[in-house]
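Asker: Provided herewith: start_27.cif, mmCIF, N, CA and C atoms.
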data_model
loop_
_atom_site.label_atom_id
_atom_site.label_comp_id
_atom_site.auth_asym_id
_atom_site.auth_seq_id
_atom_site.Cartn_x
_atom_site.Cartn_y
_atom_site.Cartn_z
N MET A 1 -5.01 -75.45 -162.46
CA MET A 1 -4.57 -75.54 -161.12
C MET A 1 -3.59 -74.43 -160.83
N ALA A 2 -3.79 -73.83 -159.71
CA ALA A 2 -2.90 -72.71 -159.35
C ALA A 2 -1.64 -73.25 -158.70
N ARG A 3 -0.59 -72.66 -159.08
CA ARG A 3 0.69 -73.05 -158.51
C ARG A 3 0.92 -72.38 -157.18
N ARG A 4 1.38 -73.14 -156.29
CA ARG A 4 1.64 -72.59 -154.97
C ARG A 4 3.11 -72.23 -154.89
N SER A 5 3.36 -71.04 -154.42
CA SER A 5 4.75 -70.57 -154.33
C SER A 5 5.20 -70.60 -152.87
N ASP A 6 6.43 -71.13 -152.67
CA ASP A 6 6.99 -71.16 -151.32
C ASP A 6 7.57 -69.82 -150.91
N LYS A 7 7.79 -68.94 -151.84
CA LYS A 7 8.36 -67.63 -151.53
C LYS A 7 7.28 -66.74 -150.95
N LYS A 8 7.69 -65.95 -149.94
CA LYS A 8 6.78 -65.01 -149.33
C LYS A 8 6.95 -63.67 -150.02
N ASP A 9 5.91 -62.92 -149.98
CA ASP A 9 6.02 -61.57 -150.50
C ASP A 9 6.73 -60.70 -149.46
N GLY A 10 7.63 -59.87 -149.87
CA GLY A 10 8.34 -58.97 -148.96
C GLY A 10 9.67 -59.57 -148.51
N PRO A 11 10.41 -58.79 -147.80
CA PRO A 11 11.76 -59.22 -147.41
C PRO A 11 11.80 -60.26 -146.31
N GLY A 12 10.80 -60.45 -145.54
CA GLY A 12 10.81 -61.46 -144.49
C GLY A 12 11.22 -60.86 -143.15
N HIS A 13 11.41 -61.73 -142.19
CA HIS A 13 11.70 -61.29 -140.83
C HIS A 13 13.19 -61.31 -140.49
N GLY A 14 14.02 -61.79 -141.37
CA GLY A 14 15.46 -61.90 -141.11
C GLY A 14 16.12 -60.59 -140.74
N PRO A 15 15.97 -59.53 -141.52
CA PRO A 15 16.61 -58.27 -141.16
C PRO A 15 16.08 -57.68 -139.86
N LEU A 16 14.79 -57.86 -139.60
CA LEU A 16 14.21 -57.34 -138.36
C LEU A 16 14.82 -58.05 -137.15
N ILE A 17 14.97 -59.36 -137.25
CA ILE A 17 15.57 -60.13 -136.16
C ILE A 17 17.03 -59.71 -135.95
N ALA A 18 17.76 -59.49 -137.03
CA ALA A 18 19.15 -59.07 -136.92
C ALA A 18 19.25 -57.71 -136.23
N VAL A 19 18.39 -56.79 -136.60
CA VAL A 19 18.40 -55.46 -135.96
C VAL A 19 18.05 -55.57 -134.48
N LEU A 20 17.08 -56.39 -134.16
CA LEU A 20 16.71 -56.58 -132.75
C LEU A 20 17.84 -57.21 -131.95
N LEU A 21 18.53 -58.17 -132.54
CA LEU A 21 19.66 -58.80 -131.84
C LEU A 21 20.79 -57.80 -131.62
N ILE A 22 21.08 -56.99 -132.62
CA ILE A 22 22.13 -55.97 -132.48
C ILE A 22 21.73 -54.96 -131.41
N ALA A 23 20.48 -54.55 -131.39
CA ALA A 23 20.00 -53.60 -130.37
C ALA A 23 20.10 -54.22 -128.97
N ALA A 24 19.73 -55.49 -128.84
CA ALA A 24 19.83 -56.17 -127.54
C ALA A 24 21.28 -56.27 -127.09
N LEU A 25 22.18 -56.56 -128.01
CA LEU A 25 23.60 -56.63 -127.68
C LEU A 25 24.12 -55.26 -127.23
N ALA A 26 23.71 -54.21 -127.93
CA ALA A 26 24.14 -52.86 -127.56
C ALA A 26 23.64 -52.48 -126.17
N VAL A 27 22.38 -52.78 -125.88
CA VAL A 27 21.82 -52.48 -124.55
C VAL A 27 22.57 -53.26 -123.48
N THR A 28 22.88 -54.51 -123.75
CA THR A 28 23.61 -55.34 -122.79
C THR A 28 24.99 -54.77 -122.53
N LEU A 29 25.70 -54.41 -123.58
CA LEU A 29 27.05 -53.86 -123.40
C LEU A 29 27.03 -52.53 -122.67
N VAL A 30 26.04 -51.70 -122.97
CA VAL A 30 25.93 -50.42 -122.28
C VAL A 30 25.66 -50.64 -120.80
N GLY A 31 24.96 -51.68 -120.46
CA GLY A 31 24.66 -51.96 -119.06
C GLY A 31 25.78 -52.65 -118.31
N ILE A 32 26.61 -53.41 -119.01
CA ILE A 32 27.67 -54.18 -118.34
C ILE A 32 28.73 -53.28 -117.74
N PHE A 33 29.18 -52.28 -118.47
CA PHE A 33 30.32 -51.49 -118.01
C PHE A 33 30.02 -50.72 -116.73
N PRO A 34 28.91 -50.02 -116.60
CA PRO A 34 28.63 -49.37 -115.30
C PRO A 34 28.40 -50.40 -114.19
N PHE A 35 27.76 -51.51 -114.54
CA PHE A 35 27.48 -52.54 -113.54
C PHE A 35 28.77 -53.10 -112.96
N ARG A 36 29.75 -53.38 -113.82
CA ARG A 36 31.01 -53.96 -113.33
C ARG A 36 31.78 -52.94 -112.52
N GLN A 37 31.67 -51.66 -112.85
CA GLN A 37 32.35 -50.64 -112.07
C GLN A 37 31.70 -50.50 -110.69
N ILE A 38 30.39 -50.61 -110.64
CA ILE A 38 29.70 -50.56 -109.35
C ILE A 38 30.12 -51.74 -108.47
N LEU A 39 30.18 -52.94 -109.05
CA LEU A 39 30.61 -54.11 -108.28
C LEU A 39 32.03 -53.95 -107.76
N ALA A 40 32.93 -53.45 -108.61
CA ALA A 40 34.32 -53.26 -108.19
C ALA A 40 34.40 -52.22 -107.08
N GLN A 41 33.64 -51.15 -107.18
CA GLN A 41 33.67 -50.11 -106.14
C GLN A 41 33.08 -50.63 -104.84
N ASN A 42 32.05 -51.46 -104.91
CA ASN A 42 31.50 -52.06 -103.69
C ASN A 42 32.53 -52.95 -103.00
N ARG A 43 33.29 -53.72 -103.80
CA ARG A 43 34.34 -54.56 -103.21
C ARG A 43 35.44 -53.70 -102.60
N GLN A 44 35.77 -52.58 -103.24
CA GLN A 44 36.78 -51.69 -102.68
C GLN A 44 36.31 -51.10 -101.35
N VAL A 45 35.03 -50.77 -101.26
CA VAL A 45 34.49 -50.26 -100.00
C VAL A 45 34.58 -51.34 -98.91
N GLU A 46 34.21 -52.56 -99.26
CA GLU A 46 34.30 -53.66 -98.29
C GLU A 46 35.75 -53.88 -97.85
N ASN A 47 36.69 -53.87 -98.80
CA ASN A 47 38.10 -54.04 -98.46
C ASN A 47 38.58 -52.90 -97.58
N SER A 48 38.14 -51.68 -97.86
CA SER A 48 38.54 -50.53 -97.05
C SER A 48 37.97 -50.64 -95.64
N GLN A 49 36.74 -51.14 -95.53
CA GLN A 49 36.15 -51.32 -94.20
C GLN A 49 36.90 -52.40 -93.42
N ASP A 50 37.29 -53.48 -94.10
CA ASP A 50 38.08 -54.53 -93.44
C ASP A 50 39.41 -53.98 -92.97
N ARG A 51 40.04 -53.17 -93.83
CA ARG A 51 41.34 -52.56 -93.49
C ARG A 51 41.17 -51.61 -92.30
N LEU A 52 40.09 -50.85 -92.29
CA LEU A 52 39.81 -49.93 -91.17
C LEU A 52 39.65 -50.70 -89.87
N THR A 53 38.91 -51.79 -89.91
CA THR A 53 38.73 -52.62 -88.72
C THR A 53 40.07 -53.16 -88.23
N SER A 54 40.89 -53.62 -89.17
CA SER A 54 42.21 -54.14 -88.82
C SER A 54 43.07 -53.05 -88.18
N LEU A 55 43.04 -51.86 -88.75
CA LEU A 55 43.83 -50.75 -88.21
C LEU A 55 43.33 -50.34 -86.83
N GLN A 56 42.02 -50.38 -86.62
CA GLN A 56 41.47 -50.04 -85.30
C GLN A 56 41.92 -51.05 -84.26
N GLN A 57 41.98 -52.34 -84.64
CA GLN A 57 42.47 -53.35 -83.71
C GLN A 57 43.95 -53.13 -83.40
N GLU A 58 44.71 -52.75 -84.43
CA GLU A 58 46.13 -52.45 -84.22
C GLU A 58 46.30 -51.29 -83.26
N ILE A 59 45.47 -50.26 -83.43
CA ILE A 59 45.54 -49.09 -82.55
C ILE A 59 45.24 -49.50 -81.12
N GLU A 60 44.23 -50.35 -80.94
CA GLU A 60 43.89 -50.81 -79.60
C GLU A 60 45.07 -51.56 -78.96
N LEU A 61 45.75 -52.41 -79.75
CA LEU A 61 46.91 -53.14 -79.23
C LEU A 61 48.03 -52.17 -78.85
N MET A 62 48.26 -51.18 -79.69
CA MET A 62 49.32 -50.21 -79.40
C MET A 62 48.98 -49.36 -78.17
N GLU A 63 47.71 -49.01 -78.03
CA GLU A 63 47.31 -48.27 -76.83
C GLU A 63 47.50 -49.11 -75.59
N GLN A 64 47.23 -50.42 -75.70
CA GLN A 64 47.46 -51.32 -74.57
C GLN A 64 48.96 -51.39 -74.24
N GLU A 65 49.80 -51.44 -75.28
CA GLU A 65 51.25 -51.44 -75.05
C GLU A 65 51.69 -50.15 -74.37
N ILE A 66 51.13 -49.03 -74.78
CA ILE A 66 51.46 -47.74 -74.16
C ILE A 66 51.07 -47.76 -72.69
N ASP A 67 49.86 -48.27 -72.40
CA ASP A 67 49.43 -48.36 -71.01
C ASP A 67 50.34 -49.28 -70.21
N ASP A 68 50.79 -50.39 -70.82
CA ASP A 68 51.71 -51.31 -70.13
C ASP A 68 53.04 -50.64 -69.83
N LEU A 69 53.50 -49.77 -70.73
CA LEU A 69 54.79 -49.12 -70.54
C LEU A 69 54.73 -48.02 -69.49
N LYS A 70 53.54 -47.68 -69.06
CA LYS A 70 53.41 -46.68 -67.99
C LYS A 70 53.63 -47.30 -66.62
N THR A 71 53.75 -48.63 -66.57
CA THR A 71 54.00 -49.32 -65.30
C THR A 71 55.45 -49.76 -65.25
N ASP A 72 55.94 -49.96 -64.03
CA ASP A 72 57.33 -50.42 -63.85
C ASP A 72 57.53 -51.81 -64.45
N ALA A 73 56.52 -52.68 -64.29
CA ALA A 73 56.64 -54.04 -64.81
C ALA A 73 56.73 -54.01 -66.34
N GLY A 74 55.98 -53.13 -66.97
CA GLY A 74 56.02 -53.03 -68.43
C GLY A 74 57.36 -52.53 -68.93
N VAL A 75 57.93 -51.55 -68.24
CA VAL A 75 59.24 -51.02 -68.63
C VAL A 75 60.31 -52.09 -68.43
N GLU A 76 60.21 -52.83 -67.32
CA GLU A 76 61.19 -53.89 -67.06
C GLU A 76 61.11 -54.98 -68.14
N GLU A 77 59.90 -55.37 -68.52
CA GLU A 77 59.74 -56.39 -69.55
C GLU A 77 60.33 -55.92 -70.88
N LEU A 78 60.09 -54.68 -71.23
CA LEU A 78 60.64 -54.13 -72.48
C LEU A 78 62.17 -54.11 -72.42
N ALA A 79 62.74 -53.71 -71.29
CA ALA A 79 64.19 -53.67 -71.15
C ALA A 79 64.79 -55.07 -71.25
N ARG A 80 64.13 -56.05 -70.71
CA ARG A 80 64.63 -57.43 -70.78
C ARG A 80 64.55 -57.96 -72.22
N GLU A 81 63.42 -57.74 -72.90
CA GLU A 81 63.22 -58.29 -74.24
C GLU A 81 64.07 -57.59 -75.29
N GLN A 82 64.07 -56.27 -75.28
CA GLN A 82 64.69 -55.56 -76.39
C GLN A 82 66.11 -55.09 -76.10
N LEU A 83 66.45 -54.89 -74.84
CA LEU A 83 67.79 -54.41 -74.51
C LEU A 83 68.67 -55.47 -73.88
N GLY A 84 68.09 -56.63 -73.55
CA GLY A 84 68.87 -57.72 -72.97
C GLY A 84 69.32 -57.44 -71.55
N MET A 85 68.65 -56.56 -70.85
CA MET A 85 69.03 -56.22 -69.47
C MET A 85 68.65 -57.36 -68.53
N VAL A 86 69.46 -57.53 -67.48
CA VAL A 86 69.21 -58.57 -66.48
C VAL A 86 69.35 -57.95 -65.09
N GLU A 87 68.71 -58.58 -64.13
CA GLU A 87 68.82 -58.17 -62.73
C GLU A 87 70.17 -58.65 -62.18
N PRO A 88 70.68 -58.00 -61.16
CA PRO A 88 71.92 -58.49 -60.55
C PRO A 88 71.74 -59.94 -60.09
N GLY A 89 72.73 -60.77 -60.42
CA GLY A 89 72.70 -62.18 -60.06
C GLY A 89 72.12 -63.05 -61.17
N GLU A 90 71.48 -62.48 -62.18
CA GLU A 90 70.96 -63.25 -63.29
C GLU A 90 72.01 -63.34 -64.39
N ILE A 91 71.87 -64.33 -65.23
CA ILE A 91 72.79 -64.51 -66.35
C ILE A 91 71.99 -64.31 -67.64
N GLY A 92 72.45 -63.39 -68.46
CA GLY A 92 71.78 -63.14 -69.73
C GLY A 92 72.37 -64.01 -70.84
N VAL A 93 71.55 -64.58 -71.67
CA VAL A 93 72.00 -65.42 -72.76
C VAL A 93 71.45 -64.86 -74.07
N THR A 94 72.33 -64.71 -75.06
CA THR A 94 71.92 -64.25 -76.37
C THR A 94 72.30 -65.30 -77.39
N ILE A 95 71.36 -65.70 -78.21
CA ILE A 95 71.62 -66.71 -79.24
C ILE A 95 71.64 -65.99 -80.58
N GLN A 96 72.75 -66.19 -81.30
CA GLN A 96 72.88 -65.56 -82.61
C GLN A 96 73.06 -66.63 -83.67
N SER A 97 72.55 -66.35 -84.86
CA SER A 97 72.74 -67.26 -85.98
C SER A 97 74.14 -67.06 -86.54
N PRO A 98 74.78 -68.14 -87.02
CA PRO A 98 76.09 -67.96 -87.62
C PRO A 98 76.00 -67.08 -88.87
N PRO A 99 77.06 -66.32 -89.17
CA PRO A 99 77.01 -65.45 -90.36
C PRO A 99 76.79 -66.27 -91.63
N GLY A 100 75.97 -65.76 -92.49
CA GLY A 100 75.70 -66.43 -93.76
C GLY A 100 74.67 -67.53 -93.67
N SER A 101 74.07 -67.75 -92.50
CA SER A 101 73.11 -68.84 -92.38
C SER A 101 71.72 -68.42 -92.86
N GLU A 102 71.50 -67.11 -93.05
CA GLU A 102 70.21 -66.67 -93.55
C GLU A 102 70.13 -66.97 -95.03
N LEU A 103 69.02 -67.53 -95.44
CA LEU A 103 68.82 -67.84 -96.85
C LEU A 103 68.31 -66.59 -97.56
N PRO A 104 68.85 -66.31 -98.73
CA PRO A 104 68.34 -65.15 -99.47
C PRO A 104 66.92 -65.41 -99.95
N GLU A 105 66.13 -64.35 -99.98
CA GLU A 105 64.77 -64.50 -100.46
C GLU A 105 64.79 -64.71 -101.96
N GLN A 106 64.02 -65.69 -102.40
CA GLN A 106 63.95 -65.98 -103.82
C GLN A 106 62.56 -65.65 -104.32
N SER A 107 62.51 -64.98 -105.46
CA SER A 107 61.20 -64.67 -106.02
C SER A 107 60.68 -65.88 -106.76
N ASP A 108 59.40 -66.04 -106.70
CA ASP A 108 58.74 -67.17 -107.36
C ASP A 108 58.27 -66.73 -108.74
N PRO A 109 58.90 -67.23 -109.81
CA PRO A 109 58.49 -66.78 -111.14
C PRO A 109 57.06 -67.20 -111.48
N ALA A 110 56.56 -68.26 -110.86
CA ALA A 110 55.20 -68.71 -111.14
C ALA A 110 54.17 -67.81 -110.47
N ALA A 111 54.59 -66.99 -109.50
CA ALA A 111 53.65 -66.14 -108.80
C ALA A 111 53.05 -65.08 -109.71
N SER A 112 53.79 -64.64 -110.72
CA SER A 112 53.27 -63.61 -111.62
C SER A 112 52.49 -64.21 -112.79
N PHE A 113 52.50 -65.51 -112.94
CA PHE A 113 51.80 -66.17 -114.03
C PHE A 113 50.32 -66.26 -113.70
N ASP A 114 49.48 -65.86 -114.62
CA ASP A 114 48.03 -65.90 -114.43
C ASP A 114 47.52 -67.24 -114.95
N ASP A 115 47.18 -68.13 -114.03
CA ASP A 115 46.76 -69.47 -114.44
C ASP A 115 45.23 -69.62 -114.43
N ARG A 116 44.52 -68.50 -114.40
CA ARG A 116 43.06 -68.58 -114.44
C ARG A 116 42.60 -69.00 -115.83
N GLY A 117 41.49 -69.69 -115.89
CA GLY A 117 40.95 -70.14 -117.16
C GLY A 117 40.24 -69.02 -117.89
N PHE A 118 39.91 -69.29 -119.14
CA PHE A 118 39.26 -68.29 -119.98
C PHE A 118 37.92 -67.85 -119.39
N MET A 119 37.12 -68.82 -118.95
CA MET A 119 35.81 -68.47 -118.41
C MET A 119 35.94 -67.66 -117.12
N GLU A 120 36.93 -67.98 -116.30
CA GLU A 120 37.13 -67.22 -115.07
C GLU A 120 37.54 -65.78 -115.38
N LYS A 121 38.36 -65.60 -116.42
CA LYS A 121 38.73 -64.25 -116.83
C LYS A 121 37.52 -63.48 -117.35
N ILE A 122 36.65 -64.15 -118.10
CA ILE A 122 35.42 -63.53 -118.59
C ILE A 122 34.54 -63.13 -117.41
N TRP A 123 34.39 -64.03 -116.44
CA TRP A 123 33.57 -63.74 -115.27
C TRP A 123 34.15 -62.56 -114.50
N ASP A 124 35.48 -62.52 -114.34
CA ASP A 124 36.11 -61.40 -113.65
C ASP A 124 35.86 -60.10 -114.40
N PHE A 125 35.84 -60.16 -115.73
CA PHE A 125 35.54 -58.96 -116.52
C PHE A 125 34.11 -58.52 -116.29
N LEU A 126 33.17 -59.46 -116.34
CA LEU A 126 31.76 -59.11 -116.21
C LEU A 126 31.43 -58.59 -114.82
N THR A 127 32.10 -59.11 -113.79
CA THR A 127 31.81 -58.68 -112.42
C THR A 127 32.71 -57.54 -111.95
N GLY A 128 33.65 -57.11 -112.78
CA GLY A 128 34.49 -55.97 -112.42
C GLY A 128 35.70 -56.31 -111.59
N ARG A 129 35.97 -57.59 -111.37
CA ARG A 129 37.14 -57.96 -110.57
C ARG A 129 38.45 -57.56 -111.25
N ASP A 130 38.43 -57.42 -112.57
CA ASP A 130 39.65 -57.02 -113.26
C ASP A 130 39.95 -55.54 -113.04
N LEU A 131 39.01 -54.79 -112.49
CA LEU A 131 39.22 -53.37 -112.21
C LEU A 131 39.90 -53.15 -110.86
N GLU A 132 39.91 -54.18 -110.02
CA GLU A 132 40.48 -54.06 -108.69
C GLU A 132 41.99 -54.11 -108.76
N PRO A 133 42.67 -53.28 -107.97
CA PRO A 133 44.12 -53.35 -107.94
C PRO A 133 44.56 -54.64 -107.26
N ASP A 134 45.69 -55.17 -107.69
CA ASP A 134 46.23 -56.39 -107.07
C ASP A 134 46.71 -56.05 -105.68
N GLY A 135 46.59 -57.08 -104.81
CA GLY A 135 47.12 -56.91 -103.48
C GLY A 135 46.16 -56.89 -102.42
#
Could you write out this file's structure as structure tokens?

Answerer:
Amino acid sequence: MARRSDKKDGPGHGPLIAVLLIAALAVTLVGIFPFRQILAQNRQVENSQDRLTSLQQEIELMEQEIDDLKTDAGVEELAREQLGMVEPGEIGVTIQSPPGSELPEQSDPAASFDDRGFMEKIWDFLTGRDLEPDG
């Protein structure tokens, strides 16, 4: 009776699978870094476009203020609000806070603490959010 051997001839598929896994990992890593930079740059473009829209709205408001100041009513309103001017016969009232009543600004030590979880940090890395400047 012939003995049956459980051993296969040759080295097997283990090293081939290991090489393929390492190659797949290398390809993935090579693809992640440019991908995350592209995502971060796209977000920066979107943020810049939002900022541009905001600045354009601000410009429109300032142009409206300039147009208002070209009229007598606009100049009078500005003089009343910012200079405290009053018409003859009117009484001007100014309300001031008592000295020392302003509270000093306190920094929040917890604001600088990063309380994101591990998976969220990994996701931010993969999507390039960690490349974006704070603010």

Asker: Which residue, A:Val30, A:Glu76, A:Arg36, A:Pro15, has the smallest gap to Leu131 in chain A when you use all atoms listed in the file?

Answerer: A:Arg36

Asker: Residues at most 12 Å from Arg43 in chain A, counting only C-alpha atoms, excluding those fewer than 2 positions away in the same chain, as a list of chain:residue names?

Answerer: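 Returned residues: A:Arg36, A:Gln37, A:Ile38, A:Leu39, A:Ala40, A:Gln41, A:Val45, A:Glu46, A:Asn47, A:Ser48, A:Gln49, A:Asp50, A:Thr127, A:Gly128, A:Arg129, A:Asp130, A:Leu131, A:Glu132, A:Pro133.
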
Asker: Could the residues in this selection be saved with N, CA and C atoms as a PDB file, in the frame of the given file?

Answerer:
ATOM      1  N   ARG A  36      29.750 -53.380-113.820  1.00  0.00           N
ATOM      2  CA  ARG A  36      31.010 -53.960-113.330  1.00  0.00           C
ATOM      3  C   ARG A  36      31.780 -52.940-112.520  1.00  0.00           C
ATOM      4  N   GLN A  37      31.670 -51.660-112.850  1.00  0.00           N
ATOM      5  CA  GLN A  37      32.350 -50.640-112.070  1.00  0.00           C
ATOM      6  C   GLN A  37      31.700 -50.500-110.690  1.00  0.00           C
ATOM      7  N   ILE A  38      30.390 -50.610-110.640  1.00  0.00           N
ATOM      8  CA  ILE A  38      29.700 -50.560-109.350  1.00  0.00           C
ATOM      9  C   ILE A  38      30.120 -51.740-108.470  1.00  0.00           C
ATOM     10  N   LEU A  39      30.180 -52.940-109.050  1.00  0.00           N
ATOM     11  CA  LEU A  39      30.610 -54.110-108.280  1.00  0.00           C
ATOM     12  C   LEU A  39      32.030 -53.950-107.760  1.00  0.00           C
ATOM     13  N   ALA A  40      32.930 -53.450-108.610  1.00  0.00           N
ATOM     14  CA  ALA A  40      34.320 -53.260-108.190  1.00  0.00           C
ATOM     15  C   ALA A  40      34.400 -52.220-107.080  1.00  0.00           C
ATOM     16  N   GLN A  41      33.640 -51.150-107.180  1.00  0.00           N
ATOM     17  CA  GLN A  41      33.670 -50.110-106.140  1.00  0.00           C
ATOM     18  C   GLN A  41      33.080 -50.630-104.840  1.00  0.00           C
ATOM     19  N   VAL A  45      35.030 -50.770-101.260  1.00  0.00           N
ATOM     20  CA  VAL A  45      34.490 -50.260-100.000  1.00  0.00           C
ATOM     21  C   VAL A  45      34.580 -51.340 -98.910  1.00  0.00           C
ATOM     22  N   GLU A  46      34.210 -52.560 -99.260  1.00  0.00           N
ATOM     23  CA  GLU A  46      34.300 -53.660 -98.290  1.00  0.00           C
ATOM     24  C   GLU A  46      35.750 -53.880 -97.850  1.00  0.00           C
ATOM     25  N   ASN A  47      36.690 -53.870 -98.800  1.00  0.00           N
ATOM     26  CA  ASN A  47      38.100 -54.040 -98.460  1.00  0.00           C
ATOM     27  C   ASN A  47      38.580 -52.900 -97.580  1.00  0.00           C
ATOM     28  N   SER A  48      38.140 -51.680 -97.860  1.00  0.00           N
ATOM     29  CA  SER A  48      38.540 -50.530 -97.050  1.00  0.00           C
ATOM     30  C   SER A  48      37.970 -50.640 -95.640  1.00  0.00           C
ATOM     31  N   GLN A  49      36.740 -51.140 -95.530  1.00  0.00           N
ATOM     32  CA  GLN A  49      36.150 -51.320 -94.200  1.00  0.00           C
ATOM     33  C   GLN A  49      36.900 -52.400 -93.420  1.00  0.00           C
ATOM     34  N   ASP A  50      37.290 -53.480 -94.100  1.00  0.00           N
ATOM     35  CA  ASP A  50      38.080 -54.530 -93.440  1.00  0.00           C
ATOM     36  C   ASP A  50      39.410 -53.980 -92.970  1.00  0.00           C
ATOM     37  N   THR A 127      32.100 -59.110-113.790  1.00  0.00           N
ATOM     38  CA  THR A 127      31.810 -58.680-112.420  1.00  0.00           C
ATOM     39  C   THR A 127      32.710 -57.540-111.950  1.00  0.00           C
ATOM     40  N   GLY A 128      33.650 -57.110-112.780  1.00  0.00           N
ATOM     41  CA  GLY A 128      34.490 -55.970-112.420  1.00  0.00           C
ATOM     42  C   GLY A 128      35.700 -56.310-111.590  1.00  0.00           C
ATOM     43  N   ARG A 129      35.970 -57.590-111.370  1.00  0.00           N
ATOM     44  CA  ARG A 129      37.140 -57.960-110.570  1.00  0.00           C
ATOM     45  C   ARG A 129      38.450 -57.560-111.250  1.00  0.00           C
ATOM     46  N   ASP A 130      38.430 -57.420-112.570  1.00  0.00           N
ATOM     47  CA  ASP A 130      39.650 -57.020-113.260  1.00  0.00           C
ATOM     48  C   ASP A 130      39.950 -55.540-113.040  1.00  0.00           C
ATOM     49  N   LEU A 131      39.010 -54.790-112.490  1.00  0.00           N
ATOM     50  CA  LEU A 131      39.220 -53.370-112.210  1.00  0.00           C
ATOM     51  C   LEU A 131      39.900 -53.150-110.860  1.00  0.00           C
ATOM     52  N   GLU A 132      39.910 -54.180-110.020  1.00  0.00           N
ATOM     53  CA  GLU A 132      40.480 -54.060-108.690  1.00  0.00           C
ATOM     54  C   GLU A 132      41.990 -54.110-108.760  1.00  0.00           C
ATOM     55  N   PRO A 133      42.670 -53.280-107.970  1.00  0.00           N
ATOM     56  CA  PRO A 133      44.120 -53.350-107.940  1.00  0.00           C
ATOM     57  C   PRO A 133      44.560 -54.640-107.260  1.00  0.00           C
TER      58      PRO A 133
END

Asker: If you measure from atom N of Ile59 in chain A to CA of Leu83 in chain A, what distance in Å do you get, rounded to one decimal?

Answerer: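 That distance, rounded to one decimal, is 24.4 Å.
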
Asker: Expressed in Å to a single decimal, how great is the separation between atom C of Ile91 in chain A and atom N of Leu69 in chain A?

Answerer: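 For atom C of Ile91 in chain A relative to atom N of Leu69 in chain A, the distance reads 23.7 Å.
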
Asker: Quick one: pull the distance between atom N of Asp67 in chain A and atom N of Ala79 in chain A, Å, one decimal.

Answerer: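 Pair atom N of Asp67 in chain A / atom N of Ala79 in chain A returns 14.0 Å.
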
Asker: Return the single residue from A:His13, A:Lys70, A:Arg116, A:Arg80 that is closest to Thr94 in chain A, with distances computed using only C-alpha atoms.

Answerer: A:Arg80

Asker: Around range 85-98 of chain A, with edges along x, y and z and 3 Å added on all six sides, what centre and edge lengths do you get, in Å to one decimal, as JSON?

Answerer:
{"center_x": 72.4, "center_y": -62.2, "center_z": -74.5, "size_x": 13.4, "size_y": 17.9, "size_z": 34.8}

Asker: Based on the backbone DSSP call, show me all residues of chain A assigned helix (DSSP H, G or I), as a ChimeraX atom specification.

Answerer: /A:14-69,72-83,109-112,118-127,129-131

Asker: Can you pull out the residues contacting Leu126 in chain A? Cut-off 8 Å, using only C-alpha atoms, and skip same-chain residues under 4 positions away; I want them as an MDAnalysis selection string.

Answerer: chainID A and resid 32:33 36 122

Asker: Could you please take those selected residues and save N, CA and C atoms as a tab-separated table (two decimals), in the frame of the given file?

Answerer:
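So again.tsv came out as:
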chain	number	residue	atom	x	y	z
A	32	ILE	N	26.61	-53.41	-119.01
A	32	ILE	CA	27.67	-54.18	-118.34
A	32	ILE	C	28.73	-53.28	-117.74
A	33	PHE	N	29.18	-52.28	-118.47
A	33	PHE	CA	30.32	-51.49	-118.01
A	33	PHE	C	30.02	-50.72	-116.73
A	36	ARG	N	29.75	-53.38	-113.82
A	36	ARG	CA	31.01	-53.96	-113.33
A	36	ARG	C	31.78	-52.94	-112.52
A	122	ILE	N	36.65	-64.15	-118.10
A	122	ILE	CA	35.42	-63.53	-118.59
A	122	ILE	C	34.54	-63.13	-117.41
